[in-house]
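Raw protein.cif, mmCIF, C-alpha atoms and all ligand atoms:
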data_input
loop_
_atom_site.label_atom_id
_atom_site.label_comp_id
_atom_site.auth_asym_id
_atom_site.auth_seq_id
_atom_site.Cartn_x
_atom_site.Cartn_y
_atom_site.Cartn_z
CA MET A 1 106.14 33.91 66.34
CA ILE A 2 105.63 36.79 68.76
CA ASP A 3 103.73 35.95 71.94
CA LYS A 4 101.45 38.97 72.49
CA ASN A 5 101.11 38.18 76.18
CA ASN A 6 104.84 38.09 76.77
CA ILE A 7 105.72 41.34 78.53
CA TYR A 8 109.11 41.45 76.78
CA THR A 9 107.72 41.25 73.25
CA LYS A 10 104.74 43.58 73.69
CA LYS A 11 104.93 47.03 72.11
CA TYR A 12 105.83 49.53 74.83
CA ILE A 13 106.23 53.25 75.23
CA PHE A 14 109.68 53.51 76.78
CA MET A 15 110.54 56.37 79.06
CA ARG A 16 114.04 57.39 80.14
CA ASN A 17 113.27 60.17 82.62
CA PHE A 18 110.03 61.41 84.14
CA THR A 19 109.70 65.00 85.26
CA SER A 20 106.60 66.24 83.43
CA VAL A 21 103.37 65.25 81.68
CA HIS A 22 105.28 65.63 78.38
CA ASP A 23 107.38 62.54 79.22
CA LEU A 24 104.28 60.31 79.01
CA ASN A 25 103.86 60.86 75.28
CA ASN A 26 100.06 60.50 75.45
CA LEU A 27 98.21 61.16 78.72
CA LYS A 28 95.06 59.25 77.73
CA ASP A 29 97.12 56.11 77.00
CA ALA A 30 98.97 56.52 80.30
CA ILE A 31 95.70 56.80 82.24
CA LYS A 32 94.42 53.66 80.50
CA GLU A 33 97.63 51.84 81.37
CA ALA A 34 97.40 53.01 85.00
CA LEU A 35 93.83 51.74 85.32
CA GLU A 36 94.93 48.37 83.89
CA ILE A 37 97.78 48.20 86.41
CA LYS A 38 95.32 49.00 89.21
CA LYS A 39 93.25 45.93 88.25
CA ASP A 40 96.28 43.64 88.64
CA ARG A 41 99.21 45.39 90.27
CA PHE A 42 101.33 42.22 90.52
CA ALA A 43 101.18 41.36 86.80
CA TYR A 44 104.69 42.69 86.10
CA GLN A 45 106.65 41.24 89.01
CA GLU A 46 109.34 39.84 86.70
CA LEU A 47 109.99 43.24 85.12
CA GLY A 48 111.91 44.63 88.09
CA LYS A 49 113.72 41.42 89.10
CA ASN A 50 117.36 42.17 90.03
CA LYS A 51 116.78 45.87 89.43
CA THR A 52 117.32 48.40 92.21
CA LEU A 53 115.48 51.64 92.79
CA LEU A 54 117.32 54.32 94.77
CA MET A 55 114.98 56.91 96.31
CA ILE A 56 116.75 60.10 97.35
CA PHE A 57 115.01 62.55 99.65
CA PHE A 58 116.30 66.07 100.21
CA ASN A 59 112.92 66.81 101.89
CA SER A 60 110.45 64.99 104.12
CA SER A 61 107.72 62.72 102.80
CA LEU A 62 105.06 60.27 103.90
CA ARG A 63 103.00 59.40 100.79
CA THR A 64 105.74 59.59 98.16
CA ARG A 65 108.11 57.49 100.24
CA LEU A 66 105.60 54.73 100.97
CA SER A 67 103.70 54.65 97.67
CA THR A 68 106.78 54.70 95.43
CA GLN A 69 108.46 51.99 97.50
CA LYS A 70 105.29 49.88 97.32
CA ALA A 71 105.06 50.43 93.55
CA ALA A 72 108.67 49.27 93.11
CA LEU A 73 108.03 46.17 95.26
CA ASN A 74 104.93 45.36 93.17
CA LEU A 75 107.25 45.31 90.14
CA GLY A 76 109.74 43.00 91.87
CA MET A 77 112.42 45.67 92.40
CA ASN A 78 114.82 46.08 95.29
CA VAL A 79 114.63 49.49 96.98
CA ILE A 80 117.22 51.65 98.76
CA VAL A 81 116.14 54.89 100.45
CA LEU A 82 118.55 57.72 101.24
CA ASP A 83 117.57 60.75 103.33
CA VAL A 84 120.29 63.17 102.32
CA ASN A 85 119.86 65.37 105.38
CA GLN A 86 119.77 62.50 107.89
CA GLY A 87 122.78 60.20 107.96
CA ALA A 88 124.43 61.18 104.66
CA TRP A 89 127.09 63.82 104.07
CA LYS A 90 125.66 67.26 103.52
CA LEU A 91 125.93 68.04 99.81
CA GLU A 92 127.30 71.16 98.16
CA THR A 93 125.33 71.87 94.98
CA GLU A 94 127.19 74.93 93.62
CA ARG A 95 130.21 74.45 91.35
CA GLY A 96 133.14 76.76 92.10
CA VAL A 97 132.41 77.03 95.83
CA ILE A 98 135.45 76.80 98.16
CA MET A 99 134.22 73.95 100.31
CA ASP A 100 135.41 75.17 103.69
CA GLY A 101 131.92 75.13 105.25
CA ASP A 102 129.64 72.43 106.68
CA LYS A 103 129.19 70.50 103.40
CA PRO A 104 131.90 67.82 103.01
CA GLU A 105 130.74 66.31 99.68
CA HIS A 106 129.86 67.77 96.30
CA LEU A 107 126.81 66.70 94.33
CA LEU A 108 129.07 66.23 91.28
CA GLU A 109 130.81 63.26 92.96
CA ALA A 110 127.84 62.06 95.02
CA VAL A 111 125.45 61.73 92.06
CA PRO A 112 127.59 59.41 89.86
CA VAL A 113 128.47 57.38 92.98
CA MET A 114 124.77 56.93 93.72
CA GLY A 115 124.30 55.82 90.11
CA CYS A 116 126.80 52.97 90.72
CA TYR A 117 124.45 51.29 93.22
CA CYS A 118 121.15 51.27 91.36
CA ASP A 119 119.31 51.03 88.05
CA VAL A 120 116.72 53.79 88.53
CA ILE A 121 116.79 56.94 90.71
CA GLY A 122 113.85 58.85 92.22
CA VAL A 123 114.64 62.33 93.55
CA ARG A 124 112.74 64.66 95.86
CA ALA A 125 114.25 68.15 95.97
CA PHE A 126 111.93 71.08 96.69
CA ALA A 127 112.37 74.68 95.59
CA SER A 128 114.80 76.49 97.85
CA PHE A 129 113.17 79.92 97.27
CA LYS A 130 116.72 81.34 97.42
CA ASN A 131 117.10 81.76 93.68
CA LYS A 132 114.12 81.65 91.31
CA GLU A 133 116.32 80.95 88.28
CA ASP A 134 117.89 77.91 89.97
CA ASP A 135 114.47 76.65 91.09
CA TYR A 136 112.80 77.13 87.71
CA SER A 137 115.73 75.61 85.80
CA GLU A 138 115.32 72.51 88.03
CA LYS A 139 119.00 72.65 88.87
CA ILE A 140 119.07 69.73 91.34
CA ILE A 141 117.09 67.06 89.48
CA ASN A 142 118.74 68.03 86.19
CA GLN A 143 122.15 67.33 87.73
CA PHE A 144 120.91 63.83 88.59
CA ILE A 145 119.72 63.38 85.00
CA LYS A 146 123.04 64.64 83.64
CA TYR A 147 125.54 62.92 85.96
CA SER A 148 123.95 59.75 87.43
CA GLY A 149 124.00 57.68 84.23
CA ARG A 150 120.58 56.30 85.28
CA PRO A 151 116.95 57.00 84.42
CA VAL A 152 115.67 59.60 86.88
CA PHE A 153 112.12 60.42 87.94
CA SER A 154 110.75 63.26 90.01
CA MET A 155 109.32 62.54 93.44
CA GLU A 156 108.57 66.30 93.62
CA ALA A 157 111.09 68.74 92.27
CA ALA A 158 111.32 72.53 92.49
CA THR A 159 108.59 73.33 89.98
CA GLY A 160 106.54 70.17 89.60
CA HIS A 161 105.11 67.12 91.34
CA PRO A 162 104.16 64.94 88.36
CA LEU A 163 103.54 61.70 90.30
CA GLN A 164 100.98 63.57 92.41
CA ALA A 165 99.32 65.18 89.40
CA PHE A 166 99.17 61.82 87.62
CA ALA A 167 97.46 60.28 90.69
CA ASP A 168 95.07 63.25 90.85
CA ILE A 169 94.07 62.85 87.20
CA ILE A 170 93.56 59.08 87.64
CA THR A 171 91.29 59.90 90.61
CA ILE A 172 89.27 62.46 88.63
CA GLU A 173 88.88 59.97 85.78
CA GLU A 174 87.50 57.43 88.26
CA HIS A 175 84.95 59.92 89.67
CA LYS A 176 83.91 62.20 86.82
CA THR A 177 80.38 61.91 85.44
CA LYS A 178 80.89 64.06 82.33
CA ALA A 179 83.58 64.11 79.64
CA ARG A 180 84.81 67.62 80.49
CA PRO A 181 84.27 68.32 84.21
CA LYS A 182 84.80 71.79 85.70
CA VAL A 183 87.92 71.46 87.86
CA VAL A 184 88.81 74.36 90.16
CA LEU A 185 92.25 74.80 91.66
CA THR A 186 91.91 77.14 94.62
CA TRP A 187 94.62 78.84 96.68
CA ALA A 188 94.02 78.62 100.45
CA PRO A 189 95.95 80.10 103.39
CA HIS A 190 98.88 78.38 105.12
CA PRO A 191 101.30 79.53 107.83
CA ARG A 192 104.44 78.70 105.80
CA ALA A 193 105.67 79.59 102.33
CA LEU A 194 105.08 76.52 100.14
CA PRO A 195 106.48 75.78 96.66
CA GLN A 196 104.40 76.03 93.49
CA ALA A 197 105.22 72.45 92.44
CA VAL A 198 101.84 70.86 93.21
CA PRO A 199 99.62 73.62 91.74
CA ASN A 200 101.92 73.95 88.69
CA SER A 201 101.65 70.25 87.91
CA PHE A 202 97.97 69.96 88.75
CA ALA A 203 97.11 72.87 86.43
CA GLN A 204 99.28 71.53 83.62
CA TRP A 205 97.98 67.96 83.84
CA ALA A 206 94.32 69.01 84.23
CA VAL A 207 94.59 71.14 81.06
CA ALA A 208 96.35 68.24 79.29
CA ALA A 209 93.45 65.99 80.35
CA ASP A 210 91.12 68.47 78.58
CA TYR A 211 89.13 69.49 81.68
CA ASP A 212 87.50 72.91 82.07
CA VAL A 213 90.20 74.26 84.41
CA VAL A 214 89.68 77.36 86.55
CA ILE A 215 92.36 78.67 88.93
CA THR A 216 91.34 81.02 91.73
CA HIS A 217 93.65 82.91 94.08
CA PRO A 218 94.17 86.37 95.58
CA LYS A 219 95.92 88.87 93.31
CA GLY A 220 99.70 88.42 93.47
CA TYR A 221 99.55 84.61 93.50
CA GLU A 222 99.62 84.15 89.72
CA LEU A 223 101.47 80.95 88.78
CA SER A 224 103.92 80.62 85.90
CA LYS A 225 102.08 80.75 82.55
CA GLU A 226 104.25 77.83 81.47
CA PHE A 227 101.98 75.64 83.62
CA THR A 228 98.62 77.46 83.53
CA GLN A 229 98.24 77.97 79.78
CA GLY A 230 94.73 76.83 78.83
CA ALA A 231 93.24 77.49 82.29
CA THR A 232 90.96 80.39 83.24
CA ILE A 233 92.08 82.66 86.09
CA GLU A 234 89.24 83.92 88.33
CA TYR A 235 90.09 86.15 91.31
CA ASP A 236 86.64 85.78 92.88
CA GLN A 237 86.72 82.43 94.69
CA GLU A 238 82.94 82.15 95.09
CA LYS A 239 82.40 82.82 91.39
CA ALA A 240 85.03 80.19 90.55
CA PHE A 241 83.32 77.58 92.73
CA LYS A 242 79.96 77.96 90.94
CA ASP A 243 79.00 74.66 89.26
CA ALA A 244 82.42 73.11 89.89
CA ASP A 245 82.63 69.32 89.74
CA PHE A 246 85.99 69.08 91.53
CA ILE A 247 87.60 71.49 94.01
CA TYR A 248 91.37 71.07 94.40
CA ALA A 249 92.71 73.14 97.30
CA LYS A 250 96.38 74.03 97.75
CA ASN A 251 98.51 76.77 99.17
CA TRP A 252 101.48 78.21 97.31
CA ALA A 253 103.82 81.14 97.79
CA ALA A 254 104.05 84.00 95.28
CA PHE A 255 105.73 83.24 91.95
CA GLU A 256 106.04 86.68 90.38
CA ASP A 257 108.99 88.96 91.11
CA PRO A 258 109.80 90.77 93.33
CA ASN A 259 107.76 88.59 95.73
CA TYR A 260 109.01 85.14 94.64
CA GLY A 261 108.69 82.66 97.53
CA GLN A 262 106.85 85.07 99.82
CA ILE A 263 103.54 84.88 101.67
CA LEU A 264 101.38 87.79 100.50
CA SER A 265 98.13 86.85 102.22
CA SER A 266 96.90 84.84 105.20
CA ASP A 267 93.28 85.63 104.44
CA ARG A 268 91.23 82.92 106.16
CA SER A 269 88.20 83.83 104.07
CA TRP A 270 89.88 81.67 101.37
CA THR A 271 89.61 78.49 103.52
CA VAL A 272 87.41 75.91 101.79
CA ASP A 273 84.32 75.33 103.94
CA SER A 274 80.87 73.79 103.49
CA LYS A 275 79.29 77.16 102.60
CA LYS A 276 81.63 77.46 99.62
CA MET A 277 81.24 73.79 98.65
CA ALA A 278 77.46 74.43 98.54
CA LEU A 279 78.07 76.75 95.56
CA THR A 280 79.46 73.85 93.52
CA ASN A 281 77.82 71.06 91.55
CA ASN A 282 78.12 68.79 94.61
CA ALA A 283 81.86 68.82 93.89
CA TYR A 284 84.39 66.34 95.11
CA PHE A 285 87.03 67.84 97.40
CA MET A 286 90.69 67.12 96.60
CA HIS A 287 94.05 67.88 98.21
CA CYS A 288 97.45 66.23 97.77
CA LEU A 289 98.06 66.00 101.57
CA PRO A 290 99.49 66.75 104.04
CA VAL A 291 96.82 69.35 104.72
CA ARG A 292 96.42 71.94 107.49
CA ARG A 293 92.84 71.51 108.67
CA ASN A 294 90.84 74.69 109.24
CA MET A 295 93.47 76.67 107.35
CA ILE A 296 93.16 75.05 103.92
CA VAL A 297 89.88 73.18 104.50
CA SER A 298 87.36 72.85 107.30
CA ASP A 299 87.02 69.58 109.23
CA ASP A 300 83.52 68.92 107.90
CA VAL A 301 84.54 69.28 104.22
CA ILE A 302 87.58 66.99 104.42
CA GLU A 303 85.57 64.45 106.40
CA SER A 304 82.55 64.63 104.07
CA GLU A 305 81.44 61.89 101.69
CA ARG A 306 82.59 64.06 98.77
CA SER A 307 86.17 64.22 100.03
CA ILE A 308 88.42 61.96 97.93
CA VAL A 309 91.77 62.86 99.47
CA ILE A 310 92.50 59.29 100.66
CA LYS A 311 91.66 57.91 97.20
CA GLU A 312 94.13 60.37 95.66
CA ALA A 313 96.81 59.20 98.08
CA ALA A 314 96.02 55.54 97.29
CA ASN A 315 96.43 56.29 93.57
CA ARG A 316 99.99 57.49 94.22
CA GLU A 317 100.97 53.80 94.21
CA ILE A 318 99.39 53.42 90.77
CA SER A 319 100.94 56.54 89.23
CA ALA A 320 104.38 55.55 90.56
CA GLN A 321 103.98 51.99 89.30
CA THR A 322 102.96 53.14 85.82
CA VAL A 323 106.00 55.41 85.61
CA LEU A 324 108.41 52.79 86.99
CA LYS A 325 107.00 50.15 84.65
CA ARG A 326 107.68 52.34 81.62
CA ILE A 327 111.20 53.15 82.81
CA LEU A 328 111.95 49.45 83.45
CA GLU A 329 110.62 48.54 80.00
CA GLY A 330 113.18 50.98 78.59
CA LEU A 331 115.99 49.11 80.39
CA LYS A 332 115.23 45.77 78.74
N1 LIG B 401 101.49 64.47 98.49
C1 LIG B 401 102.75 64.14 98.82
O1 LIG B 401 103.66 64.18 98.00
O2 LIG B 401 102.89 63.73 100.11
P1 LIG B 401 104.29 63.55 100.85
O3 LIG B 401 104.94 64.93 100.89
O4 LIG B 401 103.96 63.04 102.21
O5 LIG B 401 105.14 62.61 100.08
#

Any chance you could put this one into structure tokens?
Amino acid sequence: MIDKNNIYTKKYIFMRNFTSVHDLNNLKDAIKEALEIKKDRFAYQELGKNKTLLMIFFNSSLRTRLSTQKAALNLGMNVIVLDVNQGAWKLETERGVIMDGDKPEHLLEAVPVMGCYCDVIGVRAFASFKNKEDDYSEKIINQFIKYSGRPVFSMEAATGHPLQAFADIITIEEHKTKARPKVVLTWAPHPRALPQAVPNSFAQWAVAADYDVVITHPKGYELSKEFTQGATIEYDQEKAFKDADFIYAKNWAAFEDPNYGQILSSDRSWTVDSKKMALTNNAYFMHCLPVRRNMIVSDDVIESERSIVIKEAANREISAQTVLKRILEGLK
């Protein structure tokens, strides 16, 4: 007889790799599962026993590093962290290159070697902005999927940050007071050119969650339609904010050619402040963090009672644990 409470005989949705909302099969089920995990995050400690997570960072991180490690520990896993640019050999990523420069190891050897030491691999590799085709074909993380021999999940890749978007959607579900809230993704100024990964994923996941999604930005900052399909684009930020239930602020560099990866505007009138928040339906303020105060958002808005940025960050542990749990279930 099957024991329904036995985690190894329950019916599961297995997942090999996680790079997009499409890998979850059904977002509503995944949110439900995440909220169950949040109630008892140590319920699956046996699942990861004697399994090792390798977290590989090509770029810096605070939240992803800590929350994913914590999620793995909650599941009983061992964790190894590698910062590729600090203490490891610099990696060549292009095939056919004569390796007479400063990169002594090729990704094509390094990736299968990394796969020898672990059961699951998390990768953070941002867009380089050197080549749009390489960035939008997700060249780095796809090489891990192809050559590591292990399940791979994104800890923010060139075009998406699905663990962040998953945490954001969990947070909205916990705070929304209507079935279909108005959720506004707004561009805001920043001194550096930032990837489109976070806004791409947020837009895609918010549409998948069936919210009323509005994206507002100056002309020239249109995101890839692959991610924004189903959302409304509104170039007037104040109009977009009207009656919003959630404001999600983020900077991103231009996507469209010939300006891919460039800063087109530093217009501080796009900073989210209390005057603009007053146009909303007493909206919650969201940002993935780290955030540049008084560039992206004013001090008073991020410190207000309606700011839920810390709750979003806390839910990163839950989104990571849900994803890792599904991957581990696929290994059994
Ligand atoms: N939001 C997020 O991914 O934060 P880190 O870059 O600090 O990991």

Contact residues around Ala244 (chain A) with all atoms listed in the file at 9 Å, ignoring same-chain residues under 3 positions, as a compact mmCIF listing (two decimals) with C-alpha atoms, in the frame of the given file:
# COMPACT_ATOMS: atom_id res chain seq x y z
CA PRO A 181 84.27 68.32 84.21
CA LYS A 182 84.80 71.79 85.70
CA VAL A 183 87.92 71.46 87.86
CA VAL A 184 88.81 74.36 90.16
CA ALA A 240 85.03 80.19 90.55
CA PHE A 241 83.32 77.58 92.73
CA ILE A 247 87.60 71.49 94.01
CA MET A 277 81.24 73.79 98.65
CA LEU A 279 78.07 76.75 95.56
CA THR A 280 79.46 73.85 93.52
CA ASN A 281 77.82 71.06 91.55
CA ASN A 282 78.12 68.79 94.61
CA ALA A 283 81.86 68.82 93.89
CA TYR A 284 84.39 66.34 95.11

Query raised in the report: How many Å separate CA of Leu331 (chain A) from CA of Phe153 (chain A)?
Result: 14.1 Å

Sorted by chain and rising residue number, list the residues of region 116-154 of chain A at most 12 Å from region 251-273 of chain A (counting all atoms listed in the file), each with its closest atom pair and distance in Å to one decimal, as a Markdown table.
| residue | atom | partner | partner_atom | distance |
| --- | --- | --- | --- | --- |
| A:Ala127 | CA | A:Gly261 | CA | 9.0 |
| A:Ser128 | CA | A:Gly261 | CA | 8.7 |
| A:Phe129 | CA | A:Gly261 | CA | 5.3 |
| A:Lys130 | CA | A:Gly261 | CA | 8.1 |
| A:Asn131 | CA | A:Tyr260 | CA | 8.8 |
| A:Lys132 | CA | A:Tyr260 | CA | 7.0 |
| A:Glu133 | CA | A:Tyr260 | CA | 10.6 |
| A:Asp135 | CA | A:Gly261 | CA | 10.5 |
| A:Tyr136 | CA | A:Phe255 | CA | 10.3 |

Report task. Could the residues that lie within 8 Å of ligand LIG 401 (chain B), counting only C-alpha atoms and all ligand atoms, be listed as a ChimeraX atom specification? Result -> /A:60-66,155-156,161,164,288-290,313

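Restricting the calculation to all atoms listed in the file, the smallest distance between Ile56 (chain A) and any of A:Ala193, A:Ile169, A:Ile141, A:Val291 is found for A:Ile141.
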
Query - Nearby residues (only C-alpha atoms) at most 9 Å from Ser137 (chain A), same-chain spacing under 5 positions excluded, as a ChimeraX atom specification - result: /A:132,142,158-159

Would you put the residues from that selection into a file with C-alpha atoms, as a PDB file, in the frame of the given file?
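Okay, again_39.pdb is ready:
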ATOM      1  CA  LYS A 132     114.120  81.650  91.310  1.00  0.00           C
ATOM      2  CA  ASN A 142     118.740  68.030  86.190  1.00  0.00           C
ATOM      3  CA  ALA A 158     111.320  72.530  92.490  1.00  0.00           C
ATOM      4  CA  THR A 159     108.590  73.330  89.980  1.00  0.00           C
TER       5      THR A 159
END

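With all atoms listed in the file as the atoms that count, the residue of A:Leu24, A:Met77, A:Ala30, A:Leu91 with the shortest distance to Cys118 (chain A) is A:Met77.
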
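Between CA of Gln69 (chain A) and CA of Leu194 (chain A) the interatomic distance comes to 24.9 Å.
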
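Considering all atoms listed in the file, the residue among A:His106, A:Leu27, A:Lys39, A:Asp299 positioned nearest to Asp210 (chain A) is A:Leu27.
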
Query raised in the report: Between A:Asn26, A:Gln321, A:Ser154, A:Gln196, which has the minimum distance to Ala125 (chain A) (counting only C-alpha atoms)?
Result: A:Ser154

Query raised in the report: Between CA of Gln143 (chain A) and CA of Asp83 (chain A), what is the distance, to one decimal in Å?
Result: 17.5 Å

Query raised in the report: Looking at A:Ile31, A:Ile327, A:Val301, A:Met114, which one is nearest to Ala88 (chain A), with distances taken over only C-alpha atoms?
Result: A:Met114

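Distance annotation: of A:Ile302, A:Ile145, A:Ile172, A:Ala206, the residue with the minimal separation from Ala249 (chain A) is A:Ile302; atom set is all atoms listed in the file.
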
Can you sort out region 301-310 of chain A so it carries all heavy atoms, written as a PDB file, in the frame of the given file?
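Ended up saving to selection_27.pdb:
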ATOM      1  N   VAL A 301      84.364  69.524 105.669  1.00  0.00           N
ATOM      2  CA  VAL A 301      84.540  69.280 104.220  1.00  0.00           C
ATOM      3  C   VAL A 301      85.489  68.108 103.986  1.00  0.00           C
ATOM      4  O   VAL A 301      85.194  67.205 103.196  1.00  0.00           O
ATOM      5  CB  VAL A 301      85.023  70.554 103.491  1.00  0.00           C
ATOM      6  CG1 VAL A 301      85.456  70.228 102.063  1.00  0.00           C
ATOM      7  CG2 VAL A 301      83.928  71.606 103.482  1.00  0.00           C
ATOM      8  N   ILE A 302      86.617  68.091 104.679  1.00  0.00           N
ATOM      9  CA  ILE A 302      87.580  66.990 104.420  1.00  0.00           C
ATOM     10  C   ILE A 302      87.050  65.656 104.924  1.00  0.00           C
ATOM     11  O   ILE A 302      87.423  64.595 104.405  1.00  0.00           O
ATOM     12  CB  ILE A 302      88.986  67.314 104.986  1.00  0.00           C
ATOM     13  CG1 ILE A 302      90.003  66.381 104.329  1.00  0.00           C
ATOM     14  CG2 ILE A 302      89.033  67.252 106.503  1.00  0.00           C
ATOM     15  CD1 ILE A 302      91.443  66.775 104.517  1.00  0.00           C
ATOM     16  N   GLU A 303      86.139  65.705 105.892  1.00  0.00           N
ATOM     17  CA  GLU A 303      85.570  64.450 106.400  1.00  0.00           C
ATOM     18  C   GLU A 303      84.280  64.055 105.674  1.00  0.00           C
ATOM     19  O   GLU A 303      83.698  63.012 105.973  1.00  0.00           O
ATOM     20  CB  GLU A 303      85.261  64.598 107.904  1.00  0.00           C
ATOM     21  CG  GLU A 303      86.525  64.682 108.757  1.00  0.00           C
ATOM     22  CD  GLU A 303      86.246  65.103 110.190  1.00  0.00           C
ATOM     23  OE1 GLU A 303      85.066  65.257 110.560  1.00  0.00           O
ATOM     24  OE2 GLU A 303      87.219  65.291 110.936  1.00  0.00           O
ATOM     25  N   SER A 304      83.841  64.884 104.734  1.00  0.00           N
ATOM     26  CA  SER A 304      82.550  64.630 104.070  1.00  0.00           C
ATOM     27  C   SER A 304      82.643  63.459 103.089  1.00  0.00           C
ATOM     28  O   SER A 304      83.740  63.042 102.694  1.00  0.00           O
ATOM     29  CB  SER A 304      82.089  65.887 103.322  1.00  0.00           C
ATOM     30  OG  SER A 304      82.853  66.025 102.132  1.00  0.00           O
ATOM     31  N   GLU A 305      81.492  62.995 102.670  1.00  0.00           N
ATOM     32  CA  GLU A 305      81.440  61.890 101.690  1.00  0.00           C
ATOM     33  C   GLU A 305      82.037  62.289 100.357  1.00  0.00           C
ATOM     34  O   GLU A 305      82.416  61.435  99.560  1.00  0.00           O
ATOM     35  CB  GLU A 305      79.982  61.476 101.476  1.00  0.00           C
ATOM     36  CG  GLU A 305      79.474  60.551 102.545  1.00  0.00           C
ATOM     37  CD  GLU A 305      78.048  60.105 102.259  1.00  0.00           C
ATOM     38  OE1 GLU A 305      77.473  60.520 101.236  1.00  0.00           O
ATOM     39  OE2 GLU A 305      77.538  59.342 103.086  1.00  0.00           O
ATOM     40  N   ARG A 306      82.071  63.585 100.055  1.00  0.00           N
ATOM     41  CA  ARG A 306      82.590  64.060  98.770  1.00  0.00           C
ATOM     42  C   ARG A 306      84.101  64.307  98.814  1.00  0.00           C
ATOM     43  O   ARG A 306      84.688  64.724  97.814  1.00  0.00           O
ATOM     44  CB  ARG A 306      81.872  65.347  98.339  1.00  0.00           C
ATOM     45  CG  ARG A 306      80.381  65.207  98.242  1.00  0.00           C
ATOM     46  CD  ARG A 306      79.932  64.128  97.285  1.00  0.00           C
ATOM     47  NE  ARG A 306      79.988  64.544  95.888  1.00  0.00           N
ATOM     48  CZ  ARG A 306      79.651  63.770  94.866  1.00  0.00           C
ATOM     49  NH1 ARG A 306      79.273  62.514  95.084  1.00  0.00           N
ATOM     50  NH2 ARG A 306      79.727  64.210  93.618  1.00  0.00           N
ATOM     51  N   SER A 307      84.717  64.063  99.945  1.00  0.00           N
ATOM     52  CA  SER A 307      86.170  64.220 100.030  1.00  0.00           C
ATOM     53  C   SER A 307      86.843  62.957  99.497  1.00  0.00           C
ATOM     54  O   SER A 307      86.553  61.849  99.941  1.00  0.00           O
ATOM     55  CB  SER A 307      86.573  64.445 101.495  1.00  0.00           C
ATOM     56  OG  SER A 307      87.978  64.358 101.616  1.00  0.00           O
ATOM     57  N   ILE A 308      87.759  63.135  98.533  1.00  0.00           N
ATOM     58  CA  ILE A 308      88.420  61.960  97.930  1.00  0.00           C
ATOM     59  C   ILE A 308      89.937  62.019  98.144  1.00  0.00           C
ATOM     60  O   ILE A 308      90.707  61.472  97.356  1.00  0.00           O
ATOM     61  CB  ILE A 308      88.044  61.799  96.432  1.00  0.00           C
ATOM     62  CG1 ILE A 308      88.244  63.105  95.642  1.00  0.00           C
ATOM     63  CG2 ILE A 308      86.621  61.308  96.307  1.00  0.00           C
ATOM     64  CD1 ILE A 308      88.001  62.951  94.128  1.00  0.00           C
ATOM     65  N   VAL A 309      90.339  62.680  99.234  1.00  0.00           N
ATOM     66  CA  VAL A 309      91.770  62.860  99.470  1.00  0.00           C
ATOM     67  C   VAL A 309      92.504  61.535  99.731  1.00  0.00           C
ATOM     68  O   VAL A 309      93.659  61.365  99.332  1.00  0.00           O
ATOM     69  CB  VAL A 309      92.041  63.859 100.642  1.00  0.00           C
ATOM     70  CG1 VAL A 309      91.541  65.241 100.291  1.00  0.00           C
ATOM     71  CG2 VAL A 309      91.432  63.377 101.945  1.00  0.00           C
ATOM     72  N   ILE A 310      91.832  60.588 100.377  1.00  0.00           N
ATOM     73  CA  ILE A 310      92.500  59.290 100.660  1.00  0.00           C
ATOM     74  C   ILE A 310      92.617  58.487  99.353  1.00  0.00           C
ATOM     75  O   ILE A 310      93.613  57.805  99.114  1.00  0.00           O
ATOM     76  CB  ILE A 310      91.722  58.492 101.736  1.00  0.00           C
ATOM     77  CG1 ILE A 310      91.518  59.352 103.000  1.00  0.00           C
ATOM     78  CG2 ILE A 310      92.450  57.183 102.079  1.00  0.00           C
ATOM     79  CD1 ILE A 310      92.777  59.872 103.655  1.00  0.00           C
TER      80      ILE A 310
END
